[in-house]
>>> print(open('target_24.txt').read())   # compact mmCIF, N, CA and C atoms and all ligand atoms
# COMPACT_ATOMS: atom_id res chain seq x y z
N MET A 16 109.95 145.28 92.09
CA MET A 16 109.95 144.02 91.33
C MET A 16 110.92 144.13 90.17
N SER A 17 111.62 143.11 89.93
CA SER A 17 112.69 143.10 88.94
C SER A 17 112.30 143.71 87.61
N ARG A 18 113.30 144.32 86.96
CA ARG A 18 113.04 144.88 85.65
C ARG A 18 113.00 143.79 84.58
N MET A 19 113.39 142.59 84.94
CA MET A 19 113.29 141.49 83.98
C MET A 19 111.84 141.22 83.62
N SER A 20 111.63 140.66 82.47
CA SER A 20 110.28 140.28 82.08
C SER A 20 109.76 139.20 83.03
N VAL A 21 108.50 139.32 83.40
CA VAL A 21 107.91 138.27 84.24
C VAL A 21 106.81 137.55 83.47
N GLN A 22 107.02 137.38 82.18
CA GLN A 22 106.06 136.63 81.37
C GLN A 22 105.99 135.19 81.83
N ASP A 23 107.13 134.66 82.29
CA ASP A 23 107.23 133.27 82.69
C ASP A 23 106.66 133.10 84.09
N ASN A 24 105.67 132.22 84.24
CA ASN A 24 105.03 132.00 85.53
C ASN A 24 105.98 131.49 86.59
N HIS A 25 107.14 130.98 86.17
CA HIS A 25 108.11 130.47 87.14
C HIS A 25 109.11 131.54 87.56
N HIS A 26 108.97 132.74 87.04
CA HIS A 26 109.88 133.80 87.42
C HIS A 26 109.80 134.02 88.94
N PRO A 27 110.94 134.12 89.62
CA PRO A 27 110.92 134.26 91.09
C PRO A 27 110.10 135.44 91.59
N CYS A 28 110.08 136.54 90.86
CA CYS A 28 109.35 137.72 91.32
C CYS A 28 107.84 137.46 91.41
N LEU A 29 107.35 136.55 90.60
CA LEU A 29 105.91 136.25 90.63
C LEU A 29 105.54 135.42 91.84
N HIS A 30 106.52 134.99 92.58
CA HIS A 30 106.28 134.17 93.77
C HIS A 30 107.03 134.77 94.96
N CYS A 31 107.06 136.08 95.01
CA CYS A 31 107.83 136.76 96.06
C CYS A 31 107.08 138.01 96.53
N GLY A 32 107.29 139.14 95.86
CA GLY A 32 106.63 140.39 96.25
C GLY A 32 107.27 141.07 97.45
N ALA A 33 108.44 140.60 97.87
CA ALA A 33 109.05 141.15 99.08
C ALA A 33 109.45 142.62 98.92
N CYS A 34 110.05 142.97 97.77
CA CYS A 34 110.47 144.37 97.61
C CYS A 34 109.26 145.30 97.58
N CYS A 35 108.15 144.84 97.04
CA CYS A 35 106.93 145.65 96.98
C CYS A 35 106.31 145.82 98.36
N SER A 36 106.81 145.07 99.33
CA SER A 36 106.29 145.11 100.69
C SER A 36 107.39 145.48 101.69
N THR A 37 108.39 146.19 101.18
CA THR A 37 109.51 146.56 102.04
C THR A 37 109.92 148.02 101.90
N PHE A 38 109.90 148.52 100.67
CA PHE A 38 110.47 149.85 100.41
C PHE A 38 109.40 150.87 100.03
N ARG A 39 109.70 152.14 100.29
CA ARG A 39 108.87 153.21 99.77
C ARG A 39 109.15 153.34 98.27
N VAL A 40 108.09 153.41 97.49
CA VAL A 40 108.22 153.48 96.03
C VAL A 40 107.82 154.88 95.59
N SER A 41 108.81 155.76 95.42
CA SER A 41 108.52 157.13 95.03
C SER A 41 109.17 157.45 93.70
N PHE A 42 108.61 158.42 93.02
CA PHE A 42 109.06 158.74 91.66
C PHE A 42 108.60 160.15 91.31
N TYR A 43 109.19 160.70 90.26
CA TYR A 43 108.83 162.05 89.83
C TYR A 43 107.35 162.06 89.44
N TRP A 44 106.64 163.09 89.88
CA TRP A 44 105.18 163.10 89.81
C TRP A 44 104.64 162.94 88.40
N THR A 45 105.40 163.36 87.38
CA THR A 45 104.87 163.28 86.02
C THR A 45 104.64 161.84 85.57
N GLU A 46 105.25 160.88 86.25
CA GLU A 46 105.03 159.48 85.85
C GLU A 46 103.57 159.06 86.03
N SER A 47 102.84 159.80 86.86
CA SER A 47 101.42 159.48 87.05
C SER A 47 100.53 160.61 86.52
N GLU A 48 101.05 161.41 85.63
CA GLU A 48 100.29 162.51 85.03
C GLU A 48 100.14 162.24 83.53
N PRO A 49 98.95 161.80 83.10
CA PRO A 49 98.74 161.46 81.69
C PRO A 49 99.11 162.60 80.74
N ALA A 50 98.81 163.85 81.14
CA ALA A 50 99.10 164.99 80.26
C ALA A 50 100.60 165.13 80.01
N ALA A 51 101.40 164.56 80.91
CA ALA A 51 102.85 164.62 80.74
C ALA A 51 103.40 163.30 80.22
N GLY A 52 102.50 162.42 79.80
CA GLY A 52 102.95 161.13 79.27
C GLY A 52 103.09 160.05 80.32
N GLY A 53 102.67 160.35 81.54
CA GLY A 53 102.77 159.36 82.61
C GLY A 53 101.77 158.23 82.45
N VAL A 54 102.17 157.04 82.84
CA VAL A 54 101.30 155.87 82.67
C VAL A 54 100.94 155.18 83.98
N VAL A 55 101.54 155.61 85.08
CA VAL A 55 101.20 155.00 86.37
C VAL A 55 99.81 155.49 86.78
N PRO A 56 98.88 154.58 87.09
CA PRO A 56 97.53 155.02 87.46
C PRO A 56 97.55 155.96 88.67
N ALA A 57 97.10 157.20 88.45
CA ALA A 57 97.20 158.22 89.50
C ALA A 57 96.40 157.83 90.75
N GLU A 58 95.30 157.10 90.55
CA GLU A 58 94.47 156.74 91.71
C GLU A 58 95.18 155.76 92.65
N LEU A 59 96.27 155.19 92.19
CA LEU A 59 97.03 154.27 93.05
C LEU A 59 98.23 154.95 93.68
N THR A 60 98.29 156.28 93.55
CA THR A 60 99.43 157.02 94.07
C THR A 60 98.98 158.09 95.06
N ASP A 61 99.91 158.54 95.88
CA ASP A 61 99.71 159.69 96.76
C ASP A 61 100.78 160.72 96.45
N LYS A 62 100.48 161.96 96.81
CA LYS A 62 101.49 163.01 96.68
C LYS A 62 102.48 162.88 97.82
N LEU A 63 103.76 162.86 97.51
CA LEU A 63 104.77 162.81 98.57
C LEU A 63 105.24 164.21 98.91
N ASN A 64 105.53 165.00 97.90
CA ASN A 64 105.90 166.41 98.07
C ASN A 64 105.64 167.12 96.74
N ASP A 65 106.15 168.32 96.59
CA ASP A 65 105.87 169.08 95.36
C ASP A 65 106.46 168.43 94.12
N PHE A 66 107.37 167.52 94.28
CA PHE A 66 108.06 166.94 93.12
C PHE A 66 107.82 165.46 92.92
N ARG A 67 107.43 164.79 93.99
CA ARG A 67 107.41 163.33 93.91
C ARG A 67 106.06 162.76 94.34
N ALA A 68 105.71 161.66 93.69
CA ALA A 68 104.54 160.88 94.07
C ALA A 68 105.04 159.56 94.67
N VAL A 69 104.13 158.84 95.28
CA VAL A 69 104.51 157.58 95.92
C VAL A 69 103.38 156.57 95.68
N MET A 70 103.73 155.31 95.50
CA MET A 70 102.70 154.29 95.38
C MET A 70 101.98 154.17 96.72
N LYS A 71 100.65 154.21 96.66
CA LYS A 71 99.86 154.08 97.89
C LYS A 71 100.28 152.82 98.65
N GLY A 72 100.38 152.98 99.94
CA GLY A 72 100.69 151.84 100.79
C GLY A 72 102.17 151.67 101.08
N THR A 73 103.01 152.39 100.34
CA THR A 73 104.45 152.17 100.54
C THR A 73 105.10 153.25 101.41
N ASN A 74 104.36 154.31 101.72
CA ASN A 74 104.94 155.38 102.54
C ASN A 74 104.47 155.25 103.98
N ARG A 75 104.81 154.12 104.55
CA ARG A 75 104.40 153.86 105.93
C ARG A 75 105.41 152.87 106.54
N PRO A 76 105.40 152.72 107.84
CA PRO A 76 106.41 151.84 108.47
C PRO A 76 106.37 150.39 107.99
N ASP A 77 105.19 149.93 107.64
CA ASP A 77 105.06 148.56 107.12
C ASP A 77 104.57 148.62 105.68
N PRO A 78 105.46 148.94 104.77
CA PRO A 78 105.03 149.18 103.38
C PRO A 78 104.38 147.96 102.75
N ARG A 79 103.41 148.25 101.89
CA ARG A 79 102.78 147.21 101.07
C ARG A 79 102.12 147.96 99.91
N CYS A 80 102.65 147.80 98.74
CA CYS A 80 102.13 148.53 97.59
C CYS A 80 100.70 148.09 97.28
N ILE A 81 99.86 149.05 97.00
CA ILE A 81 98.46 148.77 96.70
C ILE A 81 98.30 147.92 95.45
N ALA A 82 99.28 147.97 94.56
CA ALA A 82 99.17 147.24 93.29
C ALA A 82 99.63 145.79 93.40
N LEU A 83 100.15 145.41 94.53
CA LEU A 83 100.63 144.03 94.70
C LEU A 83 99.46 143.11 95.03
N GLU A 84 99.35 142.03 94.29
CA GLU A 84 98.32 141.04 94.57
C GLU A 84 98.93 139.87 95.33
N GLY A 85 98.09 139.15 96.05
CA GLY A 85 98.55 137.96 96.75
C GLY A 85 99.29 138.27 98.03
N GLU A 86 99.83 137.22 98.62
CA GLU A 86 100.59 137.34 99.86
C GLU A 86 102.06 137.12 99.57
N VAL A 87 102.91 137.87 100.25
CA VAL A 87 104.35 137.76 100.04
C VAL A 87 104.78 136.31 100.20
N GLY A 88 105.51 135.84 99.20
CA GLY A 88 105.96 134.45 99.21
C GLY A 88 105.02 133.52 98.47
N GLY A 89 103.80 134.00 98.17
CA GLY A 89 102.86 133.22 97.37
C GLY A 89 102.88 133.73 95.93
N PHE A 90 101.73 133.63 95.26
CA PHE A 90 101.66 134.14 93.89
C PHE A 90 101.40 135.65 93.97
N THR A 91 102.33 136.46 93.49
CA THR A 91 102.30 137.89 93.75
C THR A 91 102.48 138.74 92.49
N PRO A 92 101.53 138.68 91.57
CA PRO A 92 101.67 139.55 90.41
C PRO A 92 101.45 141.02 90.77
N CYS A 93 102.05 141.88 89.98
CA CYS A 93 101.80 143.33 90.06
C CYS A 93 100.67 143.64 89.11
N ARG A 94 99.60 144.24 89.60
CA ARG A 94 98.46 144.44 88.70
C ARG A 94 98.62 145.63 87.79
N ILE A 95 99.71 146.37 87.92
CA ILE A 95 99.99 147.43 86.93
C ILE A 95 101.37 147.21 86.32
N TYR A 96 101.73 145.96 86.15
CA TYR A 96 103.10 145.64 85.73
C TYR A 96 103.56 146.44 84.50
N GLU A 97 102.70 146.53 83.50
CA GLU A 97 103.10 147.24 82.28
C GLU A 97 103.21 148.74 82.51
N ASN A 98 102.57 149.22 83.56
CA ASN A 98 102.56 150.66 83.84
C ASN A 98 103.21 150.99 85.18
N ARG A 99 104.05 150.13 85.65
CA ARG A 99 104.69 150.37 86.95
C ARG A 99 105.70 151.52 86.83
N PRO A 100 105.99 152.18 87.96
CA PRO A 100 106.88 153.34 87.90
C PRO A 100 108.36 152.95 87.78
N THR A 101 109.16 153.96 87.53
CA THR A 101 110.59 153.75 87.27
C THR A 101 111.32 152.94 88.34
N PRO A 102 111.14 153.23 89.63
CA PRO A 102 111.90 152.45 90.62
C PRO A 102 111.63 150.96 90.54
N CYS A 103 110.40 150.60 90.15
CA CYS A 103 110.08 149.17 90.01
C CYS A 103 110.76 148.60 88.77
N ARG A 104 110.82 149.40 87.71
CA ARG A 104 111.48 148.93 86.48
C ARG A 104 112.98 148.79 86.69
N ASP A 105 113.53 149.65 87.53
CA ASP A 105 114.99 149.66 87.73
C ASP A 105 115.45 148.71 88.83
N PHE A 106 114.53 148.26 89.66
CA PHE A 106 114.92 147.41 90.79
C PHE A 106 115.51 146.11 90.29
N LEU A 107 116.66 145.77 90.83
CA LEU A 107 117.35 144.58 90.36
C LEU A 107 117.08 143.37 91.24
N MET A 108 116.60 142.33 90.63
CA MET A 108 116.51 141.05 91.32
C MET A 108 117.92 140.59 91.66
N ALA A 109 118.09 139.91 92.75
CA ALA A 109 119.42 139.52 93.21
C ALA A 109 120.22 138.81 92.12
N LEU A 110 119.55 138.04 91.29
CA LEU A 110 120.26 137.31 90.26
C LEU A 110 120.84 138.23 89.21
N ASP A 111 120.32 139.45 89.13
CA ASP A 111 120.82 140.43 88.16
C ASP A 111 121.76 141.44 88.80
N ASP A 112 121.98 141.29 90.09
CA ASP A 112 122.73 142.29 90.84
C ASP A 112 124.02 141.67 91.34
N SER A 113 125.13 142.37 91.15
CA SER A 113 126.41 141.82 91.58
C SER A 113 126.64 142.04 93.08
N GLU A 114 125.80 142.86 93.71
CA GLU A 114 125.95 143.09 95.14
C GLU A 114 125.70 141.79 95.92
N LEU A 115 126.55 141.53 96.90
CA LEU A 115 126.37 140.31 97.68
C LEU A 115 125.15 140.43 98.60
N ASP A 116 124.90 141.63 99.08
CA ASP A 116 123.77 141.84 99.98
C ASP A 116 122.87 142.90 99.34
N SER A 117 122.20 142.50 98.28
CA SER A 117 121.44 143.46 97.49
C SER A 117 120.12 143.82 98.19
N ALA A 118 119.45 144.84 97.66
CA ALA A 118 118.15 145.23 98.21
C ALA A 118 117.16 144.08 98.09
N CYS A 119 117.26 143.33 97.01
CA CYS A 119 116.39 142.16 96.83
C CYS A 119 116.66 141.16 97.95
N ASP A 120 117.93 140.86 98.19
CA ASP A 120 118.28 139.93 99.28
C ASP A 120 117.69 140.40 100.60
N ARG A 121 117.84 141.69 100.88
CA ARG A 121 117.40 142.22 102.17
C ARG A 121 115.88 142.18 102.30
N ALA A 122 115.21 142.47 101.20
CA ALA A 122 113.74 142.42 101.24
C ALA A 122 113.26 141.00 101.48
N ARG A 123 113.86 140.05 100.78
CA ARG A 123 113.44 138.66 100.95
C ARG A 123 113.72 138.19 102.38
N GLU A 124 114.90 138.58 102.89
CA GLU A 124 115.26 138.18 104.25
C GLU A 124 114.26 138.75 105.26
N LYS A 125 113.85 140.00 105.06
CA LYS A 125 112.89 140.63 105.98
C LYS A 125 111.59 139.83 106.05
N HIS A 126 111.22 139.22 104.93
CA HIS A 126 109.96 138.48 104.88
C HIS A 126 110.16 136.97 105.05
N GLY A 127 111.35 136.59 105.49
CA GLY A 127 111.58 135.19 105.80
C GLY A 127 111.75 134.30 104.59
N LEU A 128 112.08 134.90 103.46
CA LEU A 128 112.28 134.12 102.24
C LEU A 128 113.78 133.88 102.02
N PRO A 129 114.15 132.71 101.50
CA PRO A 129 115.57 132.42 101.27
C PRO A 129 116.12 133.26 100.13
N ARG A 130 117.41 133.44 100.15
CA ARG A 130 118.05 134.13 99.03
C ARG A 130 117.89 133.32 97.76
N LEU A 131 117.83 134.02 96.64
CA LEU A 131 117.68 133.33 95.36
C LEU A 131 118.93 132.54 95.04
N LYS A 132 118.72 131.43 94.40
CA LYS A 132 119.84 130.59 93.99
C LYS A 132 120.18 130.92 92.53
N PRO A 133 121.44 130.74 92.15
CA PRO A 133 121.80 131.02 90.76
C PRO A 133 121.00 130.15 89.81
N TRP A 134 120.69 130.73 88.64
CA TRP A 134 120.07 129.92 87.61
C TRP A 134 120.99 128.75 87.30
N PRO A 135 120.56 127.60 86.83
CA PRO A 135 119.16 127.30 86.61
C PRO A 135 118.52 126.58 87.79
N GLU A 136 119.12 126.70 88.98
CA GLU A 136 118.51 126.03 90.13
C GLU A 136 117.10 126.55 90.33
N GLN A 137 116.26 125.73 90.89
CA GLN A 137 114.86 126.10 91.08
C GLN A 137 114.74 127.16 92.15
N ASN A 138 114.01 128.24 91.87
CA ASN A 138 113.83 129.31 92.83
C ASN A 138 112.39 129.42 93.32
N VAL A 139 111.50 128.62 92.78
CA VAL A 139 110.11 128.71 93.26
C VAL A 139 109.59 127.32 93.60
S1 LIG B 201 112.51 140.99 96.30
FE1 LIG B 201 113.72 140.29 94.53
S2 LIG B 201 112.80 138.31 93.90
FE2 LIG B 201 111.35 139.38 95.24
S3 LIG B 201 109.96 140.46 93.82
FE3 LIG B 201 111.59 141.89 94.43
S4 LIG B 201 113.18 141.69 92.86
FE4 LIG B 201 111.82 139.92 92.68
S1 LIG B 202 103.87 149.00 91.32
FE1 LIG B 202 103.99 146.79 91.10
S2 LIG B 202 106.19 146.33 90.97
FE2 LIG B 202 105.96 148.42 91.83
S3 LIG B 202 105.96 148.16 94.08
FE3 LIG B 202 103.83 148.13 93.37
S4 LIG B 202 103.33 145.95 93.09
FE4 LIG B 202 105.58 146.15 93.15
>>> encode(input="target_24.txt", output="structure tokens", more="lines below")
Ligand code: SF4
Ligand code: SF4
Amino acid sequence: MSRMSVQDNHHPCLHCGACCSTFRVSFYWTESEPAAGGVVPAELTDKLNDFRAVMKGTNRPDPRCIALEGEVGGFTPCRIYENRPTPCRDFLMALDDSELDSACDRAREKHGLPRLKPWPEQNV
């Protein structure tokens, strides 16, 4: 989900969730270790290997992050938005990405959602 703020209920990411249901979300294990300053809820993660953890539900052929609420294309808040891991914070929404065929575009396409339109056109 985009690193942009999603305070605004009209933000496209709040009505999408495609990337959270397309990619494996893995990160350095300390992000879910409180003793190391990690804030990602450990109970929502699995061990991937000796170095990396993964959001539950995303390390499978049909990924779906356990923290995603709602149905893709509907109202889809992240229930750990403030504590989401680095890949989610760094993921670029297509409107923030100069790539013509960005990961956001590909995720939306996989779930049958149209590509985002440039601001200020309506995206939801
Ligand atoms: S696929 Fe793009 S628009 Fe959809 S939630 Fe992810 S970043 Fe936002
Ligand atoms: S933690 Fe939140 S933003 Fe990251 S994949 Fe899961 S639902 Fe999406």
>>> atom_distance(input="target_24.txt", atom1="atom CA of A:Arg130", atom2="atom CA of A:Pro102")
21.1 Å
>>> select_by_dssp(input="target_24.txt", residues="chain A", states="strand (DSSP E)", output="PyMOL selection string")
chain A and resi 41-43+60-62+67-70
>>> atom_distance(input="target_24.txt", atom1="atom CA of A:Gly89", atom2="atom S1 of ligand LIG 202 (chain B)")
16.9 Å
>>> closest_residue(input="target_24.txt", among="A:Gly85, A:Pro129, A:Pro56, A:Pro100", to="A:Val40", atoms="all atoms listed in the file")
A:Pro100
>>> closest_residue(input="target_24.txt", among="A:Ala33, A:Cys103, A:Ile95, A:Cys80", to="A:His126", atoms="all atoms listed in the file")
A:Ala33
>>> residues_near_ligand(input="target_24.txt", ligand="ligand LIG 202 (chain B)", cutoff="7 Å", atoms="only C-alpha atoms and all ligand atoms", output="PyMOL selection string")
chain A and resi 16+32+34-35+40+70+80-83+93-96+99-100+103
>>> select_by_dssp(input="target_24.txt", residues="stretch 20-106 of chain A", states="alpha helix (DSSP H)", output="PyMOL selection string")
chain A and resi 101-105
>>> closest_atom_pairs(input="target_24.txt", of="chain A", to="ligand LIG 201 (chain B)", cutoff="6 Å", atoms="only N, CA and C atoms and all ligand atoms", output="CSV")
residue,atom,partner,partner_atom,distance
A:Met16,CA,B:LIG201,FE3,4.1
A:Ser17,N,B:LIG201,S4,3.6
A:Pro27,C,B:LIG201,S2,4.6
A:Cys28,CA,B:LIG201,FE4,3.6
A:Leu29,N,B:LIG201,S3,5.7
A:Cys31,CA,B:LIG201,FE2,4.5
A:Gly32,N,B:LIG201,S3,3.6
A:Ala33,N,B:LIG201,FE2,4.1
A:Cys34,N,B:LIG201,S1,3.5
A:Cys35,N,B:LIG201,FE3,5.2
A:Phe106,C,B:LIG201,S4,5.6
A:Leu107,C,B:LIG201,S4,4.5
A:Met108,CA,B:LIG201,S4,3.7
A:Ala109,N,B:LIG201,FE1,4.7
A:Ala118,C,B:LIG201,S1,5.9
A:Cys119,CA,B:LIG201,FE1,4.0
A:Asp120,N,B:LIG201,FE1,5.6
A:Ala122,C,B:LIG201,S1,5.2
A:Arg123,N,B:LIG201,S1,4.8
>>> write_last_selection(input="target_24.txt", atoms="N, CA and C atoms", output="PDB file, in the frame of the given file")
ATOM      1  N   MET A  16     109.950 145.280  92.090  1.00  0.00           N
ATOM      2  CA  MET A  16     109.950 144.020  91.330  1.00  0.00           C
ATOM      3  C   MET A  16     110.920 144.130  90.170  1.00  0.00           C
ATOM      4  N   SER A  17     111.620 143.110  89.930  1.00  0.00           N
ATOM      5  CA  SER A  17     112.690 143.100  88.940  1.00  0.00           C
ATOM      6  C   SER A  17     112.300 143.710  87.610  1.00  0.00           C
ATOM      7  N   PRO A  27     110.940 134.120  89.620  1.00  0.00           N
ATOM      8  CA  PRO A  27     110.920 134.260  91.090  1.00  0.00           C
ATOM      9  C   PRO A  27     110.100 135.440  91.590  1.00  0.00           C
ATOM     10  N   CYS A  28     110.080 136.540  90.860  1.00  0.00           N
ATOM     11  CA  CYS A  28     109.350 137.720  91.320  1.00  0.00           C
ATOM     12  C   CYS A  28     107.840 137.460  91.410  1.00  0.00           C
ATOM     13  N   LEU A  29     107.350 136.550  90.600  1.00  0.00           N
ATOM     14  CA  LEU A  29     105.910 136.250  90.630  1.00  0.00           C
ATOM     15  C   LEU A  29     105.540 135.420  91.840  1.00  0.00           C
ATOM     16  N   CYS A  31     107.060 136.080  95.010  1.00  0.00           N
ATOM     17  CA  CYS A  31     107.830 136.760  96.060  1.00  0.00           C
ATOM     18  C   CYS A  31     107.080 138.010  96.530  1.00  0.00           C
ATOM     19  N   GLY A  32     107.290 139.140  95.860  1.00  0.00           N
ATOM     20  CA  GLY A  32     106.630 140.390  96.250  1.00  0.00           C
ATOM     21  C   GLY A  32     107.270 141.070  97.450  1.00  0.00           C
ATOM     22  N   ALA A  33     108.440 140.600  97.870  1.00  0.00           N
ATOM     23  CA  ALA A  33     109.050 141.150  99.080  1.00  0.00           C
ATOM     24  C   ALA A  33     109.450 142.620  98.920  1.00  0.00           C
ATOM     25  N   CYS A  34     110.050 142.970  97.770  1.00  0.00           N
ATOM     26  CA  CYS A  34     110.470 144.370  97.610  1.00  0.00           C
ATOM     27  C   CYS A  34     109.260 145.300  97.580  1.00  0.00           C
ATOM     28  N   CYS A  35     108.150 144.840  97.040  1.00  0.00           N
ATOM     29  CA  CYS A  35     106.930 145.650  96.980  1.00  0.00           C
ATOM     30  C   CYS A  35     106.310 145.820  98.360  1.00  0.00           C
ATOM     31  N   PHE A 106     114.530 148.260  89.660  1.00  0.00           N
ATOM     32  CA  PHE A 106     114.920 147.410  90.790  1.00  0.00           C
ATOM     33  C   PHE A 106     115.510 146.110  90.290  1.00  0.00           C
ATOM     34  N   LEU A 107     116.660 145.770  90.830  1.00  0.00           N
ATOM     35  CA  LEU A 107     117.350 144.580  90.360  1.00  0.00           C
ATOM     36  C   LEU A 107     117.080 143.370  91.240  1.00  0.00           C
ATOM     37  N   MET A 108     116.600 142.330  90.630  1.00  0.00           N
ATOM     38  CA  MET A 108     116.510 141.050  91.320  1.00  0.00           C
ATOM     39  C   MET A 108     117.920 140.590  91.660  1.00  0.00           C
ATOM     40  N   ALA A 109     118.090 139.910  92.750  1.00  0.00           N
ATOM     41  CA  ALA A 109     119.420 139.520  93.210  1.00  0.00           C
ATOM     42  C   ALA A 109     120.220 138.810  92.120  1.00  0.00           C
ATOM     43  N   ALA A 118     119.450 144.840  97.660  1.00  0.00           N
ATOM     44  CA  ALA A 118     118.150 145.230  98.210  1.00  0.00           C
ATOM     45  C   ALA A 118     117.160 144.080  98.090  1.00  0.00           C
ATOM     46  N   CYS A 119     117.260 143.330  97.010  1.00  0.00           N
ATOM     47  CA  CYS A 119     116.390 142.160  96.830  1.00  0.00           C
ATOM     48  C   CYS A 119     116.660 141.160  97.950  1.00  0.00           C
ATOM     49  N   ASP A 120     117.930 140.860  98.190  1.00  0.00           N
ATOM     50  CA  ASP A 120     118.280 139.930  99.280  1.00  0.00           C
ATOM     51  C   ASP A 120     117.690 140.400 100.600  1.00  0.00           C
ATOM     52  N   ALA A 122     115.210 142.470 101.200  1.00  0.00           N
ATOM     53  CA  ALA A 122     113.740 142.420 101.240  1.00  0.00           C
ATOM     54  C   ALA A 122     113.260 141.000 101.480  1.00  0.00           C
ATOM     55  N   ARG A 123     113.860 140.050 100.780  1.00  0.00           N
ATOM     56  CA  ARG A 123     113.440 138.660 100.950  1.00  0.00           C
ATOM     57  C   ARG A 123     113.720 138.190 102.380  1.00  0.00           C
TER      58      ARG A 123
END
>>> closest_residue(input="target_24.txt", among="A:Val54, A:Glu84, A:Phe38, A:Phe90", to="A:Gly72", atoms="only N, CA and C atoms")
A:Phe38
>>> atom_distance(input="target_24.txt", atom1="atom CA of A:His25", atom2="atom CA of A:Glu97")
18.2 Å
>>> closest_residue(input="target_24.txt", among="A:Gly127, A:Leu59, A:Pro92, A:Lys132", to="A:Asp111", atoms="only C-alpha atoms")
A:Lys132
>>> closest_residue(input="target_24.txt", among="A:Arg104, A:Pro78, A:Glu124, A:Asp112", to="A:Val55", atoms="only C-alpha atoms")
A:Arg104
>>> axis_aligned_box(input="target_24.txt", around="stretch 114-121 of chain A", padding_each_side="5 Å", output="JSON")
{"center_x": 121.2, "center_y": 142.6, "center_z": 98.0, "size_x": 20.7, "size_y": 15.3, "size_z": 18.6}
>>> closest_residue(input="target_24.txt", among="A:Asp77, A:Leu63, A:Asn24, A:Leu115", to="A:Ser41", atoms="all atoms listed in the file")
A:Leu63
